[in-house]
Amino acid sequence: MTLARTLAPLITGDVRDDPYTRHLYSSDASMYAIEPLAVAFPRHAEDVQALVVACGELGVPLLPRGAGTSLAGQTVGAAVIVDFSRHMNRILELDGRTARVQPGVVQDQLNRAARKHGLMFGPDTSTSNRATIGGMIGNNSAGSHSVLYGSTIDHVQALRVVLADATTPDLATDARLRTAVAGILDGLDLSGFPRFWRHSGGYRLDQAVHGDLTKLIVGSEGTLAVVTEATVGLVDLPKAKAIAVGHFTSTPAAIAATADALAFDAASVELLDKAILQLSRQRVDYAGLGDILEGDPEALLFVEFFGDTQEEVADRVDKLAAIWKSNGHGYHTLRAVTGQQQTAVLKVRKAGLGLLMASSVGSRRPLAFVEDTAVPPDRLLPYVEEFARILDRHGLRAGFYGHCSVGCLHVRPFVDLRSPGEIGTMRAVAEEIADLAARHGGVNSSEHGDGLARSEFNRRLFGEAVYEAMRQVKQVFDPHNRLNPGKIVDAPPMTDHLRDPAMPAPQRLSTTLSFAGGMHAAADRCMNVGVCRKDDTGVMCPSYMATREEEHSTRGRANALVKALSSPDPRQALGDERVHGILDLCLECKACQSECPLGVDMAAMKSEFLHQYQQVNGVPLRARAFGAIRTLNRLGSATAPLSNWLAGAARRPLGLSTERPLPRFHRDNLVRWFTRRPVKQGRRDVILLADSFTTFSEPAIGRAAVELLERAGYRVHLAADGCCGRSSISKGLLDRARAMAADLVTRLSASDAPIVGLEPSCLLTLKDEYAALLPGDPRVAAVAARARLVPELLAEAIDDGSLPLGDALRGRRILLHGHCHEKAVTGTAATLSLLTRIPGAEVTELDAGCCGMAGSFGFEAEHYDLSMKIGALRLFPAIAASAPDTLLAATGVSCRQQIAHGAGRAARHPVELIAWAAGLP
């Protein structure tokens, strides 16, 4: 009997030990990988207790885990991993200034609830949109405002825990534990214990001397007890915020300006060096910062002020800028006082790690083995200068970013662990930096814990006596070493269990889409930072937001593909049903292209996966049908209205939901309307891509676009003889898609006129997938450069006066829901900008994620419920909260279908609203 079958009947949750689940949980955001024995998903504390009992009887270790974003390897191990994030994620009580939560509650989830009471959880990590409170307790996490709020240990008031013997003691009063720990500490000289307050290494013996053992559990990484509930304190939300962004000619110059900022009671002082800044400028979703910088700084210092009024914090920004200028610090200070000004600034500041990771080249990655040291702020400058010299001596480059306010900079040298010589270099640098931090009165771990990366050094850093006391504490709580063994004490060398050297070399696989370095390299770009596990903003990853399943995150899918592509026969592995199940719920929204810091393109990989899977298993009828969507739509239009009556008969053979209304075909389609009308001359030519959906199902949108473009002075040419191949790509029919792409590129290359489209998924296929379908074809880049969404041209025409708008929509409120592909490839700025040009209209863009429809996905019977659940997460409630007379705008046909079905409201294409404002009939 397998371990999962032994454990599963004992709990109300479930347990899995199949090879893919074990692989998905074998790594975290660190450089380590250890395959677990099984993964359990408890629903309540009784489940946890049952698991502890069973693992004790079976003699197997147990490892508690939250989001799996730990950077030092503390959440991987040869154990039964207990994932708290899936079910034990409820806020149990918010009472006054305290919250009682389960360990799987995400930090931002708690903050959303606390915000209603003017409160927040103080230790604000940069991973707050996926970091769980249980994980923060395990690591004693801190954030950018720790100079103000301290670390997690300063806010934990009480814990409910299960010990290794399955008992559930009260840590504040249990006599047995308190007596045992007191005996260990009696007479122990703690003078060598780190005096610098910001540390998360080792066991907090300095806290245990006070008798309450609650604080001892904080930072223990699940090695002493399993936390099932936490009571934490909350702090007041700042009433007003302002940011000063200092521009400097070097990193040392920026650090030297920190003292001035702290003198004005800064809530945070954050550094970004040029390496991070350059990376941010390469990303469409972070480009806003580059647009407002002055010159080309080598480093930026972000100084944030909190206060009671906006005038107060703005005044402190001005005073800091004046002091910096007087003291010769920096050459410019950017003032971000309003919320709008702060958005781009804060987004890039929090994205340092992800941006750095995105610069990985092959197996040379920025690794977290010396990135968590901290020294007193007044020692930071000489410390960083010596740190840089050590890196130079070993021939390593790194990016510097982090918290100058508390002397903690995150430095990640680029190392190729598949090169044996570089593993030795990594160890040498780790040893030197640990000693360097100690010499400057600092610590080796300040907020990310010890894990596998730093535990080895604890004996030398804490001294023999204190280290032995830590080992005795571990013995008291966990005498048989069952809880997350090998962390904090009695750890293996830091060079054991490294992920990259242990990975088998990928076998050659011929792919239809072109991936830089191959498909394995494209999947292996994922470094598990876990942004795809967020659930309250952006689009990525809609199916994870609905299911809370690791395998339905971008990270989970990428790791599954890495396993399959590392097998001896990758083509056969990609034909496996288990892999299909993991990839099946990817909606191909493309959000991972822009929202994943490493740009993991799961949409492209799913298309290639489906192509490979179908080579082994055959092409389903439904895939063939949707791949030929233009032909079907053309036939439906030609036989309408009879086709609309007969369409229901296709539901069962194609596996379509009976609950989802089907699109209506129009006999008087866009092509027929266009060909019978007289040609209208214009000053400029433009090609309108007549996509399959606008042309045959929503021709009124196409007619509005043509008439608006003509009014703006364009002569419109309709490209209606081919298909972009979007549907074939999404169904893995890549040979057909490539033929369609080649045909359309040939047709579009006959002219140099701009190419515009109304359906983002179709128009943006020219800018995105065509490069992978037709690599090396020089025409592809030229076509992509000419491809623009219609709103871009209409906004230009409004601005130059050729398309005047009237007051028909004055006083109306408009909510815009952008298409996922639009958000990922070009951003929605052009569409939003177009709508804001409507005189007197109030326009708001929704941050409501993916609508859940995703082309054919929401029509498919087995996906219908999930499609509706995704829409109900944020989109449907946002629409329901709007006034009945609010106008809804949505750029995608799928989005409009989902809004009509799920929210009971009609959404219009933005072009239709412009036509209304322009007075078109």
# chains A, B, ... in the order shown; residues from 1 in each chain; ligands from 1
>>> select_by_dssp(residues="stretch 466-667 of chain A", states="alpha helix (DSSP H)", output="PyMOL selection string")
chain A and resi 466-477+499-502+519-523+542-547+554-565+570-573+577-584+591-595+602-617+621-627+629-638+642-646+651-654
>>> select_by_dssp(residues="stretch 815-904 of chain A", states="strand (DSSP E or B)", output="PDB file with C-alpha atoms, in the first residue's frame")
ATOM      1  CA  LEU A 815     -16.232  50.439 -16.774  1.00  0.00           C
ATOM      2  CA  LEU A 816     -13.552  48.897 -18.996  1.00  0.00           C
ATOM      3  CA  HIS A 817     -12.643  45.223 -18.842  1.00  0.00           C
ATOM      4  CA  GLU A 842     -16.056  58.979 -16.295  1.00  0.00           C
ATOM      5  CA  VAL A 843     -13.927  55.954 -17.212  1.00  0.00           C
ATOM      6  CA  THR A 844     -12.615  53.306 -14.809  1.00  0.00           C
ATOM      7  CA  GLU A 845     -10.580  50.257 -15.730  1.00  0.00           C
ATOM      8  CA  GLU A 860     -16.717  23.167 -23.016  1.00  0.00           C
ATOM      9  CA  LEU A 887     -21.847  51.399 -19.475  1.00  0.00           C
ATOM     10  CA  LEU A 888     -19.684  48.295 -19.705  1.00  0.00           C
ATOM     11  CA  ALA A 889     -16.879  48.125 -22.242  1.00  0.00           C
ATOM     12  CA  ALA A 890     -14.986  44.935 -23.072  1.00  0.00           C
TER      13      ALA A 890
END
>>> atom_distance(atom1="atom CA of A:Gln107", atom2="atom CA of A:Gly233")
12.9 Å
>>> atom_distance(atom1="atom CA of A:Asp189", atom2="atom CA of A:Gly449")
23.2 Å
>>> atom_distance(atom1="atom CA of A:Val384", atom2="atom CA of A:Leu334")
24.9 Å
>>> residues_around(residues="A:Lys474", least_positions_apart="3", cutoff="10 Å", atoms="only C-alpha atoms", output="list in words")
Val181, Tyr203, Ser220, Thr223, Leu224, Ala225, Glu468, Ala469, Met470, Arg471, Phe477, Asp478, Pro479, His480, Asn481, Leu483, Pro485, Ile488 and Val489 of chain A
>>> residues_around(residues="A:Ser566", least_positions_apart="5", cutoff="10 Å", atoms="only C-alpha atoms", output="MDAnalysis selection string")
chainID A and resid 503:508 520 560:561 573
>>> write_last_selection(atoms="C-alpha atoms", output="mmCIF file, in the first residue's frame")
data_model
loop_
_atom_site.group_PDB
_atom_site.id
_atom_site.type_symbol
_atom_site.label_atom_id
_atom_site.label_comp_id
_atom_site.auth_asym_id
_atom_site.auth_seq_id
_atom_site.Cartn_x
_atom_site.Cartn_y
_atom_site.Cartn_z
ATOM 1 C CA MET A 503 18.380 17.546 -13.108
ATOM 2 C CA PRO A 504 18.902 15.049 -15.944
ATOM 3 C CA ALA A 505 19.998 16.540 -19.228
ATOM 4 C CA PRO A 506 16.937 17.140 -21.419
ATOM 5 C CA GLN A 507 16.507 14.896 -24.422
ATOM 6 C CA ARG A 508 16.135 16.434 -27.852
ATOM 7 C CA HIS A 520 12.752 22.475 -21.772
ATOM 8 C CA ALA A 560 5.396 19.415 -14.637
ATOM 9 C CA LEU A 561 6.725 20.156 -18.115
ATOM 10 C CA ALA A 573 5.893 11.731 -21.640
#
